[in-house]
file input_7.tsv (TSV, C-alpha atoms)
chain	number	residue	atom	x	y	z
A	1490	MET	CA	31.67	-60.17	32.96
A	1491	LYS	CA	31.75	-62.86	35.67
A	1492	LYS	CA	29.31	-62.53	38.55
A	1493	GLN	CA	32.13	-62.35	41.10
A	1494	ASP	CA	33.73	-59.47	39.19
A	1495	LYS	CA	30.41	-57.61	39.13
A	1496	LEU	CA	30.08	-58.15	42.87
A	1497	LEU	CA	33.58	-56.77	43.46
A	1498	ARG	CA	32.81	-53.69	41.37
A	1499	ALA	CA	29.57	-53.12	43.29
A	1500	LYS	CA	31.35	-53.35	46.64
A	1501	LYS	CA	34.02	-50.89	45.56
A	1502	PHE	CA	31.43	-48.49	44.17
A	1503	ASP	CA	29.40	-48.72	47.37
A	1504	TYR	CA	32.49	-47.91	49.45
A	1505	ILE	CA	33.52	-45.00	47.21
A	1506	LEU	CA	30.04	-43.48	47.44
A	1507	ASP	CA	30.11	-43.72	51.23
A	1508	GLU	CA	33.65	-42.40	51.71
A	1509	TYR	CA	34.52	-40.11	48.81
A	1510	LEU	CA	31.46	-38.94	46.87
A	1511	SER	CA	27.89	-37.76	47.24
A	1512	ALA	CA	25.34	-40.20	45.80
A	1513	THR	CA	23.26	-37.23	44.68
A	1514	GLU	CA	26.21	-35.76	42.79
A	1515	VAL	CA	27.01	-39.04	41.04
A	1516	GLN	CA	23.33	-39.53	40.24
A	1517	TYR	CA	23.40	-36.19	38.41
A	1518	ILE	CA	26.66	-37.01	36.60
A	1519	PHE	CA	25.29	-40.33	35.36
A	1520	GLY	CA	22.13	-38.58	34.18
A	1521	TYR	CA	19.77	-40.51	36.44
A	1522	ASP	CA	16.53	-38.90	37.61
A	1523	SER	CA	15.82	-41.52	40.24
A	1524	PRO	CA	17.80	-42.58	43.36
A	1525	ASN	CA	16.61	-46.11	42.58
A	1526	MET	CA	19.11	-46.28	39.70
A	1527	MET	CA	21.97	-45.62	42.11
A	1528	TYR	CA	20.66	-48.37	44.37
A	1529	LYS	CA	20.82	-50.82	41.46
A	1530	LEU	CA	24.50	-49.99	40.85
A	1531	ARG	CA	25.31	-50.92	44.45
A	1532	ARG	CA	23.77	-54.39	44.18
A	1533	ALA	CA	25.53	-57.71	43.57
A	1534	ASP	CA	24.28	-57.77	39.95
A	1535	SER	CA	25.49	-54.19	39.47
A	1536	GLN	CA	25.16	-52.70	35.98
A	1537	LEU	CA	28.13	-50.37	36.54
A	1538	THR	CA	29.59	-50.04	33.04
A	1539	GLU	CA	32.86	-48.77	31.54
A	1540	PRO	CA	31.24	-45.40	30.62
A	1541	HIS	CA	30.19	-45.02	34.28
A	1542	ILE	CA	33.76	-45.68	35.38
A	1543	LYS	CA	35.10	-43.19	32.83
A	1544	LEU	CA	32.79	-40.49	34.15
A	1545	LEU	CA	33.91	-41.18	37.72
A	1546	GLU	CA	37.50	-40.69	36.57
A	1547	TYR	CA	36.97	-37.56	34.45
A	1548	ILE	CA	34.54	-35.73	36.70
A	1549	CYS	CA	35.02	-37.13	40.21
A	1550	LYS	CA	38.77	-37.87	40.09
A	1551	ILE	CA	38.28	-41.55	40.99
A	1552	PRO	CA	40.89	-43.51	38.95
A	1553	SER	CA	39.43	-46.31	36.84
A	1554	LYS	CA	42.25	-48.49	38.15
A	1555	VAL	CA	40.43	-49.00	41.46
A	1556	PHE	CA	37.77	-51.06	39.66
A	1557	ASP	CA	40.35	-53.46	38.21
A	1558	LYS	CA	39.58	-56.98	39.40
A	1559	ASN	CA	43.23	-57.38	40.43
A	1560	ILE	CA	42.98	-54.55	42.96
A	1561	HIS	CA	42.28	-56.07	46.36
A	1562	PHE	CA	39.30	-54.88	48.39
A	1563	ASP	CA	37.30	-55.84	51.43
A	1564	LYS	CA	35.62	-53.71	54.08
A	1565	ASP	CA	38.24	-54.59	56.67
A	1566	ASN	CA	41.14	-53.63	54.40
A	1567	THR	CA	40.52	-50.71	52.06
A	1568	SER	CA	44.10	-49.43	52.07
A	1569	GLU	CA	44.91	-50.36	48.45
A	1570	ILE	CA	41.95	-48.45	47.03
A	1571	ASP	CA	42.47	-45.55	49.45
A	1572	ASN	CA	46.11	-45.19	48.43
A	1573	ILE	CA	45.28	-45.18	44.71
A	1574	ILE	CA	42.63	-42.48	45.16
A	1575	LYS	CA	44.78	-40.33	47.47
A	1576	GLU	CA	47.82	-40.55	45.19
A	1577	ASN	CA	45.68	-39.51	42.26
A	1578	TYR	CA	44.37	-36.50	44.22
A	1579	LYS	CA	47.94	-35.49	45.08
A	1580	LYS	CA	49.00	-35.79	41.45
A	1581	ILE	CA	46.13	-33.57	40.28
A	1582	GLN	CA	46.82	-30.95	42.97
A	1583	ALA	CA	50.53	-30.92	42.09
A	1584	GLN	CA	49.86	-30.04	38.47
A	1585	SER	CA	50.42	-26.40	37.66
A	1586	PRO	CA	47.17	-24.65	36.71
A	1587	THR	CA	47.12	-23.99	32.99
A	1588	ILE	CA	44.29	-21.47	33.11
A	1589	LYS	CA	44.47	-19.06	36.03
A	1590	VAL	CA	40.94	-17.87	36.68
A	1591	ASP	CA	40.27	-17.13	40.34
A	1592	SER	CA	36.73	-15.76	40.20
A	1593	ARG	CA	33.69	-18.00	40.22
A	1594	PRO	CA	32.01	-19.68	38.42
A	1595	PHE	CA	35.22	-20.73	36.62
A	1596	TYR	CA	37.67	-23.04	38.36
A	1597	ASN	CA	40.72	-25.13	37.58
A	1598	ASN	CA	40.23	-28.77	36.57
A	1599	PRO	CA	43.52	-30.05	35.03
A	1600	GLN	CA	42.26	-33.55	34.28
A	1601	LEU	CA	39.21	-32.31	32.39
A	1602	PHE	CA	41.24	-29.61	30.66
A	1603	ASN	CA	43.88	-32.10	29.48
A	1604	SER	CA	41.16	-34.23	27.89
A	1605	LEU	CA	40.04	-31.20	25.85
A	1606	ILE	CA	43.45	-30.15	24.55
A	1607	GLY	CA	43.93	-30.84	20.86
A	1608	LYS	CA	41.95	-30.86	17.64
A	1609	TRP	CA	38.16	-31.23	17.49
A	1610	TYR	CA	35.74	-31.27	14.57
A	1611	GLY	CA	32.58	-29.23	15.08
A	1612	TYR	CA	29.52	-30.10	12.98
A	1613	PHE	CA	26.40	-27.92	12.60
A	1614	TYR	CA	24.06	-26.59	9.94
A	1615	ALA	CA	24.98	-23.39	8.11
A	1616	SER	CA	22.86	-20.32	8.81
A	1617	THR	CA	21.92	-19.78	5.15
A	1618	ASP	CA	19.53	-22.10	3.33
A	1619	ASN	CA	21.76	-22.69	0.30
A	1620	ARG	CA	24.56	-24.24	2.34
A	1621	GLY	CA	24.67	-27.63	3.99
A	1622	ILE	CA	26.61	-28.76	7.04
A	1623	TYR	CA	29.70	-27.00	8.30
A	1624	CYS	CA	32.68	-28.88	9.64
A	1625	ILE	CA	34.80	-26.41	11.61
A	1626	GLU	CA	38.17	-27.76	12.70
A	1627	THR	CA	38.80	-26.29	16.16
A	1628	THR	CA	41.99	-26.57	18.22
A	1629	ILE	CA	42.18	-26.03	21.98
A	1630	GLN	CA	45.73	-25.00	22.86
A	1631	GLU	CA	47.70	-25.85	26.01
A	1632	ASP	CA	47.26	-22.28	27.31
A	1633	GLY	CA	43.45	-22.47	27.03
A	1634	THR	CA	43.19	-20.39	23.87
A	1635	VAL	CA	41.05	-21.65	20.99
A	1636	LEU	CA	41.56	-21.25	17.24
A	1637	ASP	CA	39.42	-22.61	14.41
A	1638	LYS	CA	40.29	-23.16	10.75
A	1639	ASN	CA	38.45	-19.95	9.75
A	1640	GLY	CA	40.82	-17.86	11.86
A	1641	ASN	CA	38.31	-17.16	14.64
A	1642	SER	CA	40.07	-17.12	18.01
A	1643	GLY	CA	38.96	-17.21	21.63
A	1644	ARG	CA	39.29	-18.98	24.97
A	1645	LEU	CA	37.97	-21.99	26.85
A	1646	PHE	CA	36.31	-21.58	30.25
A	1647	ILE	CA	35.72	-24.56	32.56
A	1648	GLY	CA	32.89	-24.52	35.08
A	1649	LYS	CA	31.82	-27.15	37.58
A	1650	LYS	CA	29.18	-28.67	35.29
A	1651	GLN	CA	29.71	-27.06	31.89
A	1652	CYS	CA	32.41	-25.67	29.63
A	1653	MET	CA	32.17	-22.67	27.36
A	1654	ILE	CA	34.23	-21.54	24.37
A	1655	VAL	CA	33.98	-17.84	23.57
A	1656	LYS	CA	35.39	-16.80	20.18
A	1657	GLU	CA	35.42	-13.55	18.26
A	1658	SER	CA	34.67	-13.78	14.56
A	1659	LYS	CA	37.66	-12.71	12.48
A	1660	ASN	CA	35.48	-11.00	9.86
A	1661	SER	CA	32.46	-9.58	11.72
A	1662	GLN	CA	34.08	-9.14	15.18
A	1663	ASN	CA	30.93	-10.65	16.70
A	1664	PHE	CA	31.14	-13.10	19.60
A	1665	ILE	CA	30.41	-16.81	19.17
A	1666	SER	CA	29.69	-18.74	22.38
A	1667	ILE	CA	29.65	-22.56	22.50
A	1668	THR	CA	28.46	-24.41	25.61
A	1669	PHE	CA	28.69	-28.14	26.40
A	1670	GLU	CA	28.38	-30.56	29.32
A	1671	ASN	CA	31.45	-31.74	31.25
A	1672	THR	CA	29.97	-35.20	31.75
A	1673	LEU	CA	29.98	-35.92	27.99
A	1674	ILE	CA	33.58	-34.96	27.17
A	1675	ALA	CA	35.01	-38.38	28.07
A	1676	PHE	CA	33.26	-40.00	25.11
A	1677	ASN	CA	35.02	-37.80	22.50
A	1678	LEU	CA	31.70	-37.03	20.78
A	1679	PHE	CA	29.27	-34.64	22.43
A	1680	TYR	CA	26.62	-32.06	21.55
A	1681	PHE	CA	26.88	-28.30	22.05
A	1682	SER	CA	24.68	-25.22	21.86
A	1683	MET	CA	26.04	-22.22	19.96
A	1684	LEU	CA	24.89	-18.61	20.09
A	1685	SER	CA	26.09	-16.58	17.11
A	1686	LYS	CA	25.03	-14.09	14.44
A	1687	GLN	CA	23.49	-15.14	11.13
A	1688	ASN	CA	25.71	-14.49	8.15
A	1689	VAL	CA	24.96	-11.37	6.07
A	1690	ILE	CA	21.87	-10.16	7.99
A	1691	ASN	CA	23.72	-10.08	11.36
A	1692	GLN	CA	20.88	-11.36	13.56
A	1693	GLU	CA	21.11	-13.67	16.57
A	1694	MET	CA	20.74	-17.40	16.12
A	1695	LEU	CA	20.87	-20.41	18.43
A	1696	SER	CA	22.24	-23.57	16.81
A	1697	PHE	CA	22.85	-27.09	18.06
A	1698	GLY	CA	25.72	-29.23	16.82
A	1699	PHE	CA	28.34	-31.64	18.04
A	1700	PHE	CA	32.10	-31.96	18.49
A	1701	SER	CA	33.95	-35.12	17.51
A	1702	LYS	CA	37.57	-36.03	18.21
A	1703	LYS	CA	37.48	-38.06	15.00
A	1704	GLU	CA	36.74	-36.45	11.65
A	1705	LEU	CA	33.46	-37.76	10.20
A	1706	SER	CA	31.97	-37.65	6.72
A	1707	LEU	CA	29.31	-34.99	6.16
A	1708	GLU	CA	26.82	-37.78	5.43
A	1709	THR	CA	27.45	-39.31	8.87
A	1710	ALA	CA	27.27	-35.87	10.50
A	1711	LYS	CA	23.90	-35.25	8.85
A	1712	GLU	CA	22.54	-38.56	10.17
A	1713	ILE	CA	23.58	-37.55	13.70
A	1714	LEU	CA	22.23	-33.99	13.45
A	1715	GLY	CA	18.88	-34.91	11.93
A	1716	LYS	CA	16.62	-32.28	10.39
A	1717	LYS	CA	17.92	-28.72	10.12
A	1718	GLU	CA	14.73	-27.11	11.46
A	1719	LYS	CA	15.22	-28.98	14.74
A	1720	GLN	CA	18.77	-27.72	15.19
A	1721	GLN	CA	18.35	-23.96	14.69
A	1722	LEU	CA	16.36	-21.16	16.24
A	1723	LYS	CA	16.64	-17.74	14.60
A	1724	ILE	CA	15.56	-14.56	16.34
A	1725	ASP	CA	12.19	-13.26	15.16
A	1726	SER	CA	12.63	-9.97	13.30
A	1727	GLU	CA	9.19	-8.86	14.53
A	1728	PHE	CA	10.49	-9.15	18.10
A	1729	THR	CA	13.49	-6.89	17.39
A	1730	HIS	CA	11.20	-4.34	15.69
A	1731	GLN	CA	8.92	-4.32	18.73
A	1732	ILE	CA	11.88	-3.66	20.98
A	1733	SER	CA	12.90	-0.71	18.79
A	1734	GLU	CA	9.36	0.68	18.89
A	1735	TYR	CA	9.17	0.52	22.68
A	1736	VAL	CA	12.59	2.13	23.02
A	1737	GLN	CA	11.18	5.13	21.14
A	1738	ILE	CA	8.02	5.18	23.29
A	1739	LEU	CA	9.97	5.04	26.57
A	1740	ARG	CA	12.21	7.90	25.46
A	1741	LYS	CA	9.24	10.26	25.15

call {"tool": "encode", "arguments": {"input": "input_7.tsv", "output": "structure tokens"}}
result
Amino acid sequence: MKKQDKLLRAKKFDYILDEYLSATEVQYIFGYDSPNMMYKLRRADSQLTEPHIKLLEYICKIPSKVFDKNIHFDKDNTSEIDNIIKENYKKIQAQSPTIKVDSRPFYNNPQLFNSLIGKWYGYFYASTDNRGIYCIETTIQEDGTVLDKNGNSGRLFIGKKQCMIVKESKNSQNFISITFENTLIAFNLFYFSMLSKQNVINQEMLSFGFFSKKELSLETAKEILGKKEKQQLKIDSEFTHQISEYVQILRK
């Protein structure tokens, strides 16, 4: 990218931070643990990248169009950028809420929700040792309901920083909860944490996996996941026995 284009991006970003966003909020969204990183993005040699711009659009409702080099900007005339941002806000507000959840912590975010609608491929290790990696095709419907290829159904909930899918197993009737970060959705491949029951023995298990918009080979999925022992945590049976013992003691 030409130096003058970088400078233009930096100026626009600096203005947007001052007028529309909190630097602390954007620092969190970008995953920075130091305010110094935000300072570097404001400079003339700004390292503001396309992924940064995508996150600003998906999470902060700042259209990527404003960073186009053909969009005019200077501090004495910000009307073109202001109009693009304000029109985008109006468009989002005009959209009918697809999921009507009034109570906190869940809230309506049409732009984020629309990016989640459709088919996803979830990859994670099976709970039993004699099986390999599962690929569970999961579809998020336009009404916020979720259905996977095994017939397990549930619903998507959108929070300010995270999303959660809660499904009920078709066979066991146990809940399966899947949590993931809003900031990662824009890249169409992101990790999740899943709380479920182990097959057969019906004990709790925490697993880590990832969703992909594109179907991947199991070999590729295994390379991404790494070792199985690092991606699963099964509840200790000794712990559950101790709970049972103390329940009996407290009843006396």

call {"tool": "axis_aligned_box", "arguments": {"input": "input_7.tsv", "around": "region 1703-1707 of chain A", "padding_each_side": "8 Å", "output": "AutoDock Vina command-line options"}}
result
--center_x 33.4 --center_y -36.5 --center_z 10.6 --size_x 24.2 --size_y 19.1 --size_z 24.8

call {"tool": "atom_distance", "arguments": {"input": "input_7.tsv", "atom1": "CA of Asn1671 (chain A)", "atom2": "CA of Phe1613 (chain A)"}}
result
19.7 Å

call {"tool": "atom_distance", "arguments": {"input": "input_7.tsv", "atom1": "CA of Ile1654 (chain A)", "atom2": "CA of Glu1514 (chain A)"}}
result
24.6 Å

call {"tool": "residues_around", "arguments": {"input": "input_7.tsv", "residues": "region 1710-1713 of chain A", "least_positions_apart": "3", "cutoff": "10 Å", "atoms": "all atoms listed in the file", "output": "PyMOL selection string"}}
result
chain A and resi 1611-1614+1621-1624+1698-1699+1701+1704-1707+1716-1717

call {"tool": "atom_distance", "arguments": {"input": "input_7.tsv", "atom1": "CA of Lys1550 (chain A)", "atom2": "CA of Val1635 (chain A)"}}
result
25.2 Å

call {"tool": "residues_near_point", "arguments": {"input": "input_7.tsv", "point": "(27.3, -53.2, 41.3)", "cutoff": "12 Å", "atoms": "all atoms listed in the file", "output": "number ranges by chain"}}
result
A: 1490, 1492-1506, 1526-1538, 1541-1542, 1556

call {"tool": "closest_residue", "arguments": {"input": "input_7.tsv", "among": "A:Ala1675, A:Val1736, A:Ile1581, A:Ile1574", "to": "Ser1604 (chain A)", "atoms": "only C-alpha atoms"}}
result
A:Ala1675

call {"tool": "closest_atom_pairs", "arguments": {"input": "input_7.tsv", "of": "region 1643-1662 of chain A", "to": "region 1681-1685 of chain A", "cutoff": "12 Å", "atoms": "all atoms listed in the file", "output": "tab-separated table"}}
result
residue	atom	partner	partner_atom	distance
A:Gln1651	CA	A:Phe1681	CA	10.3
A:Cys1652	CA	A:Phe1681	CA	9.7
A:Met1653	CA	A:Phe1681	CA	9.4
A:Ile1654	CA	A:Met1683	CA	9.3
A:Val1655	CA	A:Met1683	CA	9.8
A:Lys1656	CA	A:Ser1685	CA	9.8
A:Glu1657	CA	A:Ser1685	CA	9.9
A:Ser1658	CA	A:Ser1685	CA	9.4
A:Ser1661	CA	A:Ser1685	CA	10.9
A:Gln1662	CA	A:Ser1685	CA	11.1

call {"tool": "residues_around", "arguments": {"input": "input_7.tsv", "residues": "Phe1519 (chain A)", "least_positions_apart": "4", "cutoff": "8 Å", "atoms": "all atoms listed in the file", "output": "list in words"}}
result
Val1515, His1541, Leu1544 and Thr1672 of chain A

call {"tool": "residues_near_point", "arguments": {"input": "input_7.tsv", "point": "(28.3, -21.7, 33.6)", "cutoff": "12 Å", "atoms": "all atoms listed in the file", "output": "short mmCIF file (atom, residue, chain, number, x, y, z; two decimals) with C-alpha atoms, keeping the file's coordinate frame"}}
result
data_model
loop_
_atom_site.label_atom_id
_atom_site.label_comp_id
_atom_site.auth_asym_id
_atom_site.auth_seq_id
_atom_site.Cartn_x
_atom_site.Cartn_y
_atom_site.Cartn_z
CA ARG A 1593 33.69 -18.00 40.22
CA PRO A 1594 32.01 -19.68 38.42
CA PHE A 1595 35.22 -20.73 36.62
CA TYR A 1596 37.67 -23.04 38.36
CA LEU A 1645 37.97 -21.99 26.85
CA PHE A 1646 36.31 -21.58 30.25
CA ILE A 1647 35.72 -24.56 32.56
CA GLY A 1648 32.89 -24.52 35.08
CA LYS A 1649 31.82 -27.15 37.58
CA LYS A 1650 29.18 -28.67 35.29
CA GLN A 1651 29.71 -27.06 31.89
CA CYS A 1652 32.41 -25.67 29.63
CA MET A 1653 32.17 -22.67 27.36
CA ILE A 1654 34.23 -21.54 24.37
CA SER A 1666 29.69 -18.74 22.38
CA ILE A 1667 29.65 -22.56 22.50
CA THR A 1668 28.46 -24.41 25.61
CA PHE A 1669 28.69 -28.14 26.40
CA GLU A 1670 28.38 -30.56 29.32
CA ASN A 1671 31.45 -31.74 31.25
#

call {"tool": "closest_residue", "arguments": {"input": "input_7.tsv", "among": "A:Asn1603, A:Asn1598, A:Ser1642, A:Gln1720", "to": "Ser1616 (chain A)", "atoms": "only C-alpha atoms"}}
result
A:Gln1720

call {"tool": "closest_residue", "arguments": {"input": "input_7.tsv", "among": "A:Leu1695, A:Phe1679, A:Arg1620, A:Ile1606", "to": "Arg1644 (chain A)", "atoms": "all atoms listed in the file"}}
result
A:Ile1606

call {"tool": "closest_residue", "arguments": {"input": "input_7.tsv", "among": "A:Lys1686, A:Thr1628, A:Leu1673, A:Leu1714", "to": "Lys1543 (chain A)", "atoms": "all atoms listed in the file"}}
result
A:Leu1673

call {"tool": "residues_around", "arguments": {"input": "input_7.tsv", "residues": "Lys1554 (chain A)", "least_positions_apart": "3", "cutoff": "10 Å", "atoms": "all atoms listed in the file", "output": "PyMOL selection string"}}
result
chain A and resi 1542+1546+1551+1557-1560+1570+1573-1574

call {"tool": "closest_residue", "arguments": {"input": "input_7.tsv", "among": "A:Thr1567, A:Gln1731, A:Gln1692, A:Asn1677", "to": "Gly1607 (chain A)", "atoms": "only C-alpha atoms"}}
result
A:Asn1677

call {"tool": "closest_residue", "arguments": {"input": "input_7.tsv", "among": "A:Ser1726, A:Phe1700, A:Asn1663, A:Glu1576", "to": "Phe1676 (chain A)", "atoms": "all atoms listed in the file"}}
result
A:Phe1700
